[in-house]
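Text of run-v1.cif (mmCIF, C-alpha atoms) as supplied:
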```cif
data_start
#
loop_
_atom_site.label_atom_id
_atom_site.label_comp_id
_atom_site.auth_asym_id
_atom_site.auth_seq_id
_atom_site.Cartn_x
_atom_site.Cartn_y
_atom_site.Cartn_z
CA MET Q 1211 -14.67 -8.95 23.53
CA ASN Q 1212 -18.12 -7.87 22.51
CA SER Q 1213 -17.45 -4.30 21.57
CA ILE Q 1214 -16.97 -2.80 18.14
CA ILE Q 1215 -14.95 0.12 19.46
CA PRO Q 1216 -11.41 -1.42 19.34
CA TYR Q 1217 -11.89 -2.45 15.73
CA LEU Q 1218 -13.03 1.00 14.74
CA ILE Q 1219 -10.09 2.56 16.59
CA VAL Q 1220 -7.59 0.33 14.79
CA GLY Q 1221 -9.30 1.05 11.48
CA ALA Q 1222 -9.20 4.78 12.13
CA ILE Q 1223 -5.52 4.75 13.10
CA VAL Q 1224 -4.52 2.78 10.01
CA PHE Q 1225 -6.69 5.06 7.86
CA VAL Q 1226 -5.05 8.20 9.23
CA LEU Q 1227 -1.58 6.72 8.81
CA GLY Q 1228 -2.46 5.82 5.21
CA ILE Q 1229 -3.62 9.37 4.51
CA PHE Q 1230 -0.42 10.65 6.10
CA THR Q 1231 1.58 8.33 3.83
CA ILE Q 1232 -0.21 9.72 0.78
CA VAL Q 1233 0.57 13.29 1.84
CA TYR Q 1234 4.09 12.71 3.13
CA LYS Q 1235 5.76 10.44 0.57
CA LYS Q 1236 7.41 11.96 -2.48
CA ASN Q 1237 7.87 8.64 -4.25
CA ALA Q 1238 4.92 7.69 -6.46
CA VAL Q 1239 5.15 4.04 -5.40
CA GLY Q 1240 5.02 5.14 -1.75
CA ILE Q 1241 1.87 7.15 -2.43
CA LEU Q 1242 0.28 4.09 -3.98
CA MET Q 1243 1.19 2.10 -0.87
CA GLY Q 1244 -0.65 4.70 1.19
CA VAL Q 1245 -3.73 4.19 -0.97
CA GLU Q 1246 -3.53 0.46 -0.34
CA LEU Q 1247 -3.31 1.06 3.41
CA VAL Q 1248 -6.42 3.26 3.29
CA LEU Q 1249 -8.39 0.60 1.42
CA ASN Q 1250 -7.19 -1.99 3.93
CA SER Q 1251 -8.44 0.07 6.87
CA VAL Q 1252 -11.79 0.38 5.14
CA ASN Q 1253 -11.85 -3.42 5.01
CA ILE Q 1254 -11.29 -3.58 8.78
CA ASN Q 1255 -14.31 -1.35 9.30
CA PHE Q 1256 -16.49 -3.38 6.94
CA ILE Q 1257 -15.64 -6.66 8.65
CA ALA Q 1258 -16.24 -5.17 12.11
CA PHE Q 1259 -19.63 -3.80 11.10
CA ALA Q 1260 -20.56 -7.08 9.46
CA LYS Q 1261 -19.78 -8.80 12.74
CA PHE Q 1262 -21.33 -6.48 15.29
CA VAL Q 1263 -24.07 -4.51 13.57
CA ASP Q 1264 -25.35 -6.56 10.68
CA THR Q 1265 -24.49 -10.02 12.09
CA GLY Q 1266 -24.50 -11.22 8.53
CA ILE Q 1267 -22.19 -11.66 5.61
CA HIS Q 1268 -22.99 -8.56 3.59
CA GLY Q 1269 -20.06 -6.59 4.99
CA GLN Q 1270 -17.71 -9.42 4.10
CA ILE Q 1271 -19.01 -9.47 0.51
CA ILE Q 1272 -18.40 -5.74 0.24
CA SER Q 1273 -14.87 -6.18 1.54
CA ILE Q 1274 -14.25 -8.80 -1.15
CA PHE Q 1275 -15.27 -6.22 -3.72
CA VAL Q 1276 -12.95 -3.69 -2.09
CA ILE Q 1277 -10.05 -6.16 -2.40
CA ILE Q 1278 -10.85 -6.71 -6.10
CA LEU Q 1279 -11.01 -2.96 -6.62
CA ALA Q 1280 -7.63 -2.54 -4.91
CA ALA Q 1281 -6.07 -5.14 -7.19
CA ALA Q 1282 -7.36 -3.47 -10.36
CA GLU Q 1283 -6.37 -0.03 -9.06
CA ALA Q 1284 -2.83 -1.16 -8.22
CA ALA Q 1285 -2.33 -2.64 -11.69
CA ILE Q 1286 -3.49 0.52 -13.47
CA ALA Q 1287 -1.61 2.89 -11.17
CA LEU Q 1288 1.65 0.96 -11.45
CA ALA Q 1289 1.32 1.01 -15.25
CA ILE Q 1290 0.86 4.78 -15.08
CA ILE Q 1291 3.95 5.07 -12.85
CA LEU Q 1292 5.97 3.03 -15.35
CA ASN Q 1293 4.83 5.35 -18.13
CA ILE Q 1294 5.78 8.43 -16.11
CA TYR Q 1295 9.19 6.93 -15.43
CA ARG Q 1296 9.75 6.34 -19.13
CA MET Q 1297 8.85 9.93 -19.96
CA LYS Q 1298 10.53 11.77 -17.11
CA ALA Q 1299 13.10 9.25 -15.79
CA THR Q 1300 11.91 9.92 -12.25
CA VAL Q 1301 9.06 8.94 -9.97
CA ASP Q 1302 9.40 11.96 -7.71
CA VAL Q 1303 5.97 13.57 -7.72
CA THR Q 1304 7.33 17.02 -6.90
CA GLN Q 1305 8.98 17.09 -10.32
CA LEU Q 1306 5.84 16.02 -12.15
CA ASN Q 1307 3.88 19.25 -11.91
CA LYS Q 1308 3.92 19.70 -15.68
CA MET Q 1309 1.74 16.94 -17.07
CA LYS Q 1310 1.49 18.28 -20.63
CA HIS Q 1311 3.84 16.49 -22.91
CA MET R 326 -8.53 -14.09 22.60
CA THR R 327 -8.79 -10.40 23.43
CA ILE R 328 -5.07 -10.09 24.09
CA LEU R 329 -4.38 -11.74 20.72
CA PHE R 330 -6.45 -9.08 19.01
CA TYR R 331 -4.55 -6.31 20.77
CA ILE R 332 -1.18 -7.83 19.83
CA ALA R 333 -2.23 -8.04 16.18
CA ALA R 334 -3.58 -4.48 16.25
CA ILE R 335 -0.39 -3.10 17.77
CA ILE R 336 1.70 -4.93 15.16
CA ALA R 337 -0.49 -3.51 12.40
CA ILE R 338 -0.09 0.03 13.71
CA ILE R 339 3.67 -0.27 14.30
CA SER R 340 4.32 -1.67 10.84
CA THR R 341 2.13 1.00 9.25
CA ILE R 342 4.20 3.67 11.02
CA MET R 343 7.35 1.98 9.74
CA VAL R 344 5.93 2.15 6.18
CA ILE R 345 5.93 5.92 6.58
CA THR R 346 9.37 6.27 8.12
CA ARG R 347 11.35 3.97 5.81
CA THR R 348 12.93 5.79 2.89
CA ASN R 349 13.86 2.62 1.02
CA VAL R 350 10.86 1.49 -1.01
CA ILE R 351 11.55 -2.21 -0.61
CA HIS R 352 11.81 -1.90 3.16
CA ALA R 353 8.51 0.00 3.23
CA LEU R 354 6.97 -2.80 1.15
CA LEU R 355 8.16 -5.38 3.65
CA TYR R 356 6.49 -3.48 6.46
CA MET R 357 3.32 -3.15 4.39
CA VAL R 358 3.25 -6.93 4.02
CA VAL R 359 3.52 -7.27 7.81
CA SER R 360 0.69 -4.78 8.27
CA LEU R 361 -1.54 -6.74 5.88
CA LEU R 362 -0.69 -10.01 7.62
CA ALA R 363 -1.64 -8.49 10.98
CA THR R 364 -4.92 -7.32 9.47
CA ALA R 365 -5.52 -10.85 8.22
CA VAL R 366 -4.98 -12.20 11.73
CA MET R 367 -7.54 -9.68 13.00
CA PHE R 368 -10.03 -10.87 10.38
CA PHE R 369 -9.42 -14.44 11.43
CA LEU R 370 -10.03 -13.53 15.06
CA ILE R 371 -13.25 -11.72 14.28
CA GLY R 372 -14.68 -14.76 12.51
CA ALA R 373 -14.02 -14.12 8.85
CA PRO R 374 -11.49 -16.76 7.78
CA PHE R 375 -12.34 -16.51 4.08
CA ILE R 376 -11.62 -12.79 3.98
CA ALA R 377 -8.39 -13.41 5.90
CA ALA R 378 -7.25 -15.91 3.28
CA LEU R 379 -8.21 -13.54 0.47
CA GLU R 380 -6.34 -10.72 2.19
CA ILE R 381 -3.16 -12.79 2.37
CA MET R 382 -3.46 -14.11 -1.18
CA ILE R 383 -4.43 -10.94 -3.02
CA TYR R 384 -3.05 -8.12 -0.88
CA ALA R 385 0.06 -9.61 0.67
CA GLY R 386 0.72 -11.88 -2.29
CA ALA R 387 -0.33 -10.53 -5.64
CA ILE R 388 -0.35 -6.77 -5.14
CA THR R 389 2.96 -6.78 -3.27
CA VAL R 390 4.64 -8.86 -5.96
CA LEU R 391 3.35 -6.34 -8.51
CA PHE R 392 4.89 -3.53 -6.45
CA VAL R 393 8.21 -5.35 -6.20
CA PHE R 394 8.34 -5.93 -9.96
CA VAL R 395 7.63 -2.28 -10.69
CA VAL R 396 10.30 -1.16 -8.21
CA MET R 397 12.70 -3.50 -9.96
CA MET R 398 11.81 -2.01 -13.35
CA LEU R 399 12.34 1.52 -12.07
CA ASN R 400 16.09 1.26 -12.31
CA LEU R 401 17.31 4.43 -10.67
CA GLY R 402 20.91 4.51 -11.89
CA GLU R 403 23.87 4.30 -9.56
CA GLU R 404 21.67 4.71 -6.52
CA ALA R 405 20.15 1.34 -7.36
CA VAL R 406 23.45 -0.44 -6.84
CA LYS R 407 23.84 1.21 -3.47
CA GLN R 408 20.26 0.31 -2.60
CA GLU R 409 20.75 -3.28 -3.61
CA LYS R 410 23.49 -3.64 -1.02
CA GLN R 411 21.15 -2.23 1.59
CA TRP R 412 18.36 -4.65 0.65
CA LEU R 413 20.46 -7.56 1.80
CA SER R 414 21.41 -5.90 5.07
CA PHE R 415 20.55 -7.58 8.32
CA SER R 416 18.74 -4.59 9.81
CA GLY R 417 16.52 -4.38 6.74
CA TRP R 418 14.63 -7.60 7.20
CA ILE R 419 15.11 -8.63 10.83
CA PHE R 420 12.42 -6.41 12.33
CA PRO R 421 9.68 -7.33 9.82
CA ALA R 422 10.65 -10.96 10.33
CA PHE R 423 10.31 -10.51 14.10
CA LEU R 424 6.83 -8.97 13.77
CA SER R 425 5.79 -11.74 11.39
CA LEU R 426 7.07 -14.33 13.85
CA ILE R 427 4.79 -12.92 16.56
CA LEU R 428 1.84 -13.18 14.16
CA LEU R 429 2.79 -16.75 13.29
CA LEU R 430 2.93 -17.73 16.96
CA GLU R 431 -0.46 -16.12 17.43
CA VAL R 432 -2.02 -18.12 14.59
CA ILE R 433 -0.43 -21.33 15.88
CA PHE R 434 -1.87 -20.61 19.32
CA ILE R 435 -5.34 -19.96 17.89
CA ILE R 436 -5.37 -23.13 15.82
CA SER R 437 -3.97 -25.36 18.54
CA SER R 438 -5.99 -24.05 21.48
CA SER R 439 -9.63 -23.60 20.67
CA GLY R 440 -10.41 -24.93 17.24
CA SER R 441 -11.87 -22.18 15.12
CA VAL R 442 -14.02 -20.31 17.62
CA PRO R 443 -13.39 -16.57 17.29
CA ILE R 444 -13.69 -13.86 19.92
CA SER R 445 -17.45 -14.03 20.08
CA GLY R 446 -20.30 -15.41 18.09
CA LYS R 447 -20.24 -17.61 15.06
CA VAL R 448 -17.71 -18.10 12.32
CA ILE R 449 -18.86 -17.24 8.82
CA ASP R 450 -17.32 -19.97 6.75
CA PRO R 451 -16.37 -19.79 3.06
CA LYS R 452 -19.41 -21.82 2.05
CA LEU R 453 -21.83 -19.16 3.24
CA VAL R 454 -19.81 -16.41 1.59
CA GLY R 455 -19.67 -18.32 -1.68
CA GLN R 456 -23.39 -19.03 -1.66
CA SER R 457 -24.15 -15.38 -1.08
CA LEU R 458 -21.68 -14.31 -3.76
CA PHE R 459 -23.24 -16.43 -6.44
CA THR R 460 -26.88 -15.82 -5.59
CA THR R 461 -27.55 -12.40 -4.07
CA TYR R 462 -24.44 -10.63 -5.33
CA LEU R 463 -24.18 -12.27 -8.75
CA ILE R 464 -24.37 -8.92 -10.52
CA GLY R 465 -21.49 -7.65 -8.42
CA VAL R 466 -19.36 -10.66 -9.30
CA GLU R 467 -20.05 -10.13 -13.01
CA LEU R 468 -19.27 -6.43 -12.74
CA SER R 469 -16.02 -7.07 -10.91
CA ALA R 470 -15.05 -9.56 -13.62
CA ILE R 471 -15.61 -6.83 -16.20
CA LEU R 472 -13.62 -4.42 -14.01
CA LEU R 473 -10.68 -6.82 -13.83
CA LEU R 474 -10.78 -7.38 -17.60
CA ALA R 475 -10.76 -3.62 -18.16
CA GLY R 476 -7.91 -3.36 -15.67
CA ILE R 477 -5.84 -5.94 -17.54
CA ILE R 478 -6.42 -4.25 -20.89
CA GLY R 479 -5.78 -0.79 -19.47
CA ALA R 480 -2.58 -1.81 -17.70
CA TYR R 481 -1.28 -3.49 -20.84
CA HIS R 482 -2.14 -0.48 -22.97
CA LEU R 483 -0.53 1.97 -20.56
CA ALA R 484 2.65 0.03 -19.88
CA ARG R 485 3.27 -1.02 -23.48
CA ARG R 486 6.30 0.46 -25.18
CA LYS R 487 4.97 2.77 -27.83
CA LYS R 488 6.28 2.41 -31.33
CA LYS R 489 8.05 5.57 -32.36
CA VAL R 490 5.91 7.62 -34.71
CA VAL R 491 7.88 8.91 -37.66
CA HIS R 492 6.24 12.16 -38.67
CA ARG R 493 8.01 15.32 -39.62
CA PHE R 494 6.00 17.68 -37.44
CA LEU R 495 6.22 15.45 -34.41
CA GLU R 496 9.92 14.92 -35.02
CA LEU R 497 10.40 18.68 -35.21
CA GLU R 498 8.46 19.21 -32.03
CA GLY R 499 10.50 16.57 -30.28
CA ALA R 500 13.76 18.03 -31.55
CA GLU R 501 13.05 21.39 -29.96
CA GLU R 502 13.17 19.90 -26.55
#
```
Please express what this file holds, its structure, as structure tokens.
Amino acid sequence: MNSIIPYLIVGAIVFVLGIFTIVYKKNAVGILMGVELVLNSVNINFIAFAKFVDTGIHGQIISIFVIILAAAEAAIALAIILNIYRMKATVDVTQLNKMKH
Amino acid sequence: MTILFYIAAIIAIISTIMVITRTNVIHALLYMVVSLLATAVMFFLIGAPFIAALEIMIYAGAITVLFVFVVMMLNLGEEAVKQEKQWLSFSGWIFPAFLSLILLLEVIFIISSSGSVPISGKVIDPKLVGQSLFTTYLIGVELSAILLLAGIIGAYHLARRKKKVVHRFLELEGAEE
């Protein structure tokens, strides 16, 4: 298979499903999972472009940095969710519209 | 090899859809693990084995364990007991296990049939990636180390239990609520 198109289609579908997860879920942990899916689909695109367009390793290096970024982001966001749960005793984002406290 | 890619892609899309439709957070996490594993198989097929290994280790391993621990700490009262019974249910884990089994068979087939030749072109092995990381992209590696350090400190600071501040005005303000 010497075409980049299937990879881009898979990446686009996973990206759209991740965006839909972010919009649809009411649970804060579920929203964070949607963010992870979006970053993962970006990785698919980077690897495909590194293979078919660049024919080098630069895309793979960038995807390593994306993975590192996702790890740091997940740690910080989960800490924020824990803090919200301690203050409000819920992780339902529809009940968190008042952030002043 | 093309059909293997399509199987992995379909598994990734199906499990991503199941992440959306599951209402139980742990079930959704299981499907997210399957989606990440399918993505790792795709990376392996396209000739990036190092990124596939990193994807499994960091995404499907570390980040998911972090999610599971946070879900465990968010103890949601009597619903949690009901949920815990559902976590052990047969229908909860059998479908992710089935999708993972297909991926496992795929990887076994790849390894046993054709060595490490991907769909087309050459394989970029970990040695090349490492050489490029520590020569051309050295600044990026240093910056990501600083980012991870800041992430550790920030996560600790945010998730730490605050000591209660004893101050009359703050106490009064808290008492009004």
Find the residues of chain Q that sit at most 8 Å from chain R; for each, write down the nearest two atoms and how far apart they are in Å, to one decimal. Count all atoms listed in the file. Sort by chain, then by number going up, and give it as JSON lines.
```
{"residue": "Q:Met1211", "atom": "CA", "partner": "R:Thr327", "partner_atom": "CA", "distance": 6.1}
{"residue": "Q:Asn1212", "atom": "CA", "partner": "R:Ser445", "partner_atom": "CA", "distance": 6.7}
{"residue": "Q:Val1220", "atom": "CA", "partner": "R:Ala334", "partner_atom": "CA", "distance": 6.4}
{"residue": "Q:Ile1223", "atom": "CA", "partner": "R:Ile338", "partner_atom": "CA", "distance": 7.2}
{"residue": "Q:Val1224", "atom": "CA", "partner": "R:Ile338", "partner_atom": "CA", "distance": 6.4}
{"residue": "Q:Leu1227", "atom": "CA", "partner": "R:Thr341", "partner_atom": "CA", "distance": 6.8}
{"residue": "Q:Gly1228", "atom": "CA", "partner": "R:Thr341", "partner_atom": "CA", "distance": 7.8}
{"residue": "Q:Phe1230", "atom": "CA", "partner": "R:Ile345", "partner_atom": "CA", "distance": 7.9}
{"residue": "Q:Thr1231", "atom": "CA", "partner": "R:Ile345", "partner_atom": "CA", "distance": 5.7}
{"residue": "Q:Tyr1234", "atom": "CA", "partner": "R:Ile345", "partner_atom": "CA", "distance": 7.8}
{"residue": "Q:Lys1235", "atom": "CA", "partner": "R:Ile345", "partner_atom": "CA", "distance": 7.5}
{"residue": "Q:Val1239", "atom": "CA", "partner": "R:Val350", "partner_atom": "CA", "distance": 7.6}
{"residue": "Q:Gly1240", "atom": "CA", "partner": "R:Val350", "partner_atom": "CA", "distance": 6.9}
{"residue": "Q:Met1243", "atom": "CA", "partner": "R:Met357", "partner_atom": "CA", "distance": 7.7}
{"residue": "Q:Leu1247", "atom": "CA", "partner": "R:Met357", "partner_atom": "CA", "distance": 7.9}
{"residue": "Q:Asn1250", "atom": "CA", "partner": "R:Leu361", "partner_atom": "CA", "distance": 7.6}
{"residue": "Q:Ile1254", "atom": "CA", "partner": "R:Thr364", "partner_atom": "CA", "distance": 7.4}
{"residue": "Q:Ile1257", "atom": "CA", "partner": "R:Phe368", "partner_atom": "CA", "distance": 7.2}
{"residue": "Q:Ala1258", "atom": "CA", "partner": "R:Ile371", "partner_atom": "CA", "distance": 7.5}
{"residue": "Q:Lys1261", "atom": "CA", "partner": "R:Ile371", "partner_atom": "CA", "distance": 7.3}
{"residue": "Q:Ile1267", "atom": "CA", "partner": "R:Val454", "partner_atom": "CA", "distance": 6.7}
{"residue": "Q:Gln1270", "atom": "CA", "partner": "R:Ile376", "partner_atom": "CA", "distance": 7.0}
{"residue": "Q:Ile1271", "atom": "CA", "partner": "R:Leu458", "partner_atom": "CA", "distance": 7.0}
{"residue": "Q:Ser1273", "atom": "CA", "partner": "R:Ile376", "partner_atom": "CA", "distance": 7.8}
{"residue": "Q:Ile1274", "atom": "CA", "partner": "R:Ile376", "partner_atom": "CA", "distance": 7.0}
{"residue": "Q:Phe1275", "atom": "CA", "partner": "R:Ser469", "partner_atom": "CA", "distance": 7.3}
{"residue": "Q:Ile1277", "atom": "CA", "partner": "R:Ile383", "partner_atom": "CA", "distance": 7.4}
{"residue": "Q:Ile1278", "atom": "CA", "partner": "R:Ser469", "partner_atom": "CA", "distance": 7.1}
{"residue": "Q:Leu1279", "atom": "CA", "partner": "R:Ser469", "partner_atom": "CA", "distance": 7.8}
{"residue": "Q:Ala1281", "atom": "CA", "partner": "R:Ile388", "partner_atom": "CA", "distance": 6.3}
{"residue": "Q:Ala1282", "atom": "CA", "partner": "R:Gly476", "partner_atom": "CA", "distance": 5.3}
{"residue": "Q:Glu1283", "atom": "CA", "partner": "R:Gly476", "partner_atom": "CA", "distance": 7.6}
{"residue": "Q:Ala1284", "atom": "CA", "partner": "R:Ile388", "partner_atom": "CA", "distance": 6.9}
{"residue": "Q:Ala1285", "atom": "CA", "partner": "R:Ala480", "partner_atom": "CA", "distance": 6.1}
{"residue": "Q:Ile1286", "atom": "CA", "partner": "R:Ala480", "partner_atom": "CA", "distance": 4.9}
{"residue": "Q:Leu1288", "atom": "CA", "partner": "R:Val395", "partner_atom": "CA", "distance": 6.8}
{"residue": "Q:Ala1289", "atom": "CA", "partner": "R:Ala484", "partner_atom": "CA", "distance": 4.9}
{"residue": "Q:Ile1290", "atom": "CA", "partner": "R:Leu483", "partner_atom": "CA", "distance": 6.3}
{"residue": "Q:Leu1292", "atom": "CA", "partner": "R:Ala484", "partner_atom": "CA", "distance": 6.4}
{"residue": "Q:Asn1293", "atom": "CA", "partner": "R:Ala484", "partner_atom": "CA", "distance": 6.0}
{"residue": "Q:Tyr1295", "atom": "CA", "partner": "R:Leu399", "partner_atom": "CA", "distance": 7.1}
{"residue": "Q:Thr1300", "atom": "CA", "partner": "R:Leu401", "partner_atom": "CA", "distance": 7.9}
```
| In Å, how far is it from atom CA of Leu370 of chain R to atom CA of Leu1242 of chain Q? | 27.9 Å
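For the atom pair formed by atom CA of Leu362 of chain R and atom CA of Ala385 of chain R, the distance is 7.0 Å, given to one decimal.
A straight line drawn from atom CA of Tyr356 of chain R to atom CA of Gly1244 of chain Q is 12.1 Å long.
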| message | Quick one: residues within 12 Å of Ile427 of chain R, all atoms listed in the file, excluding same-chain residues fewer than 2 positions away - as an MDAnalysis selection string? | response | chainID R and resid 329 332:337 359 362:363 366 420:425 429:434
If the box runs along x, y and z of the file and leaves 5 Å on each side of segment 1241-1250 of chain Q, what are its centre and edge lengths in Å, one decimal, as JSON?
```
{"center_x": -3.3, "center_y": 2.6, "center_z": 0.0, "size_x": 20.3, "size_y": 19.1, "size_z": 17.9}
```
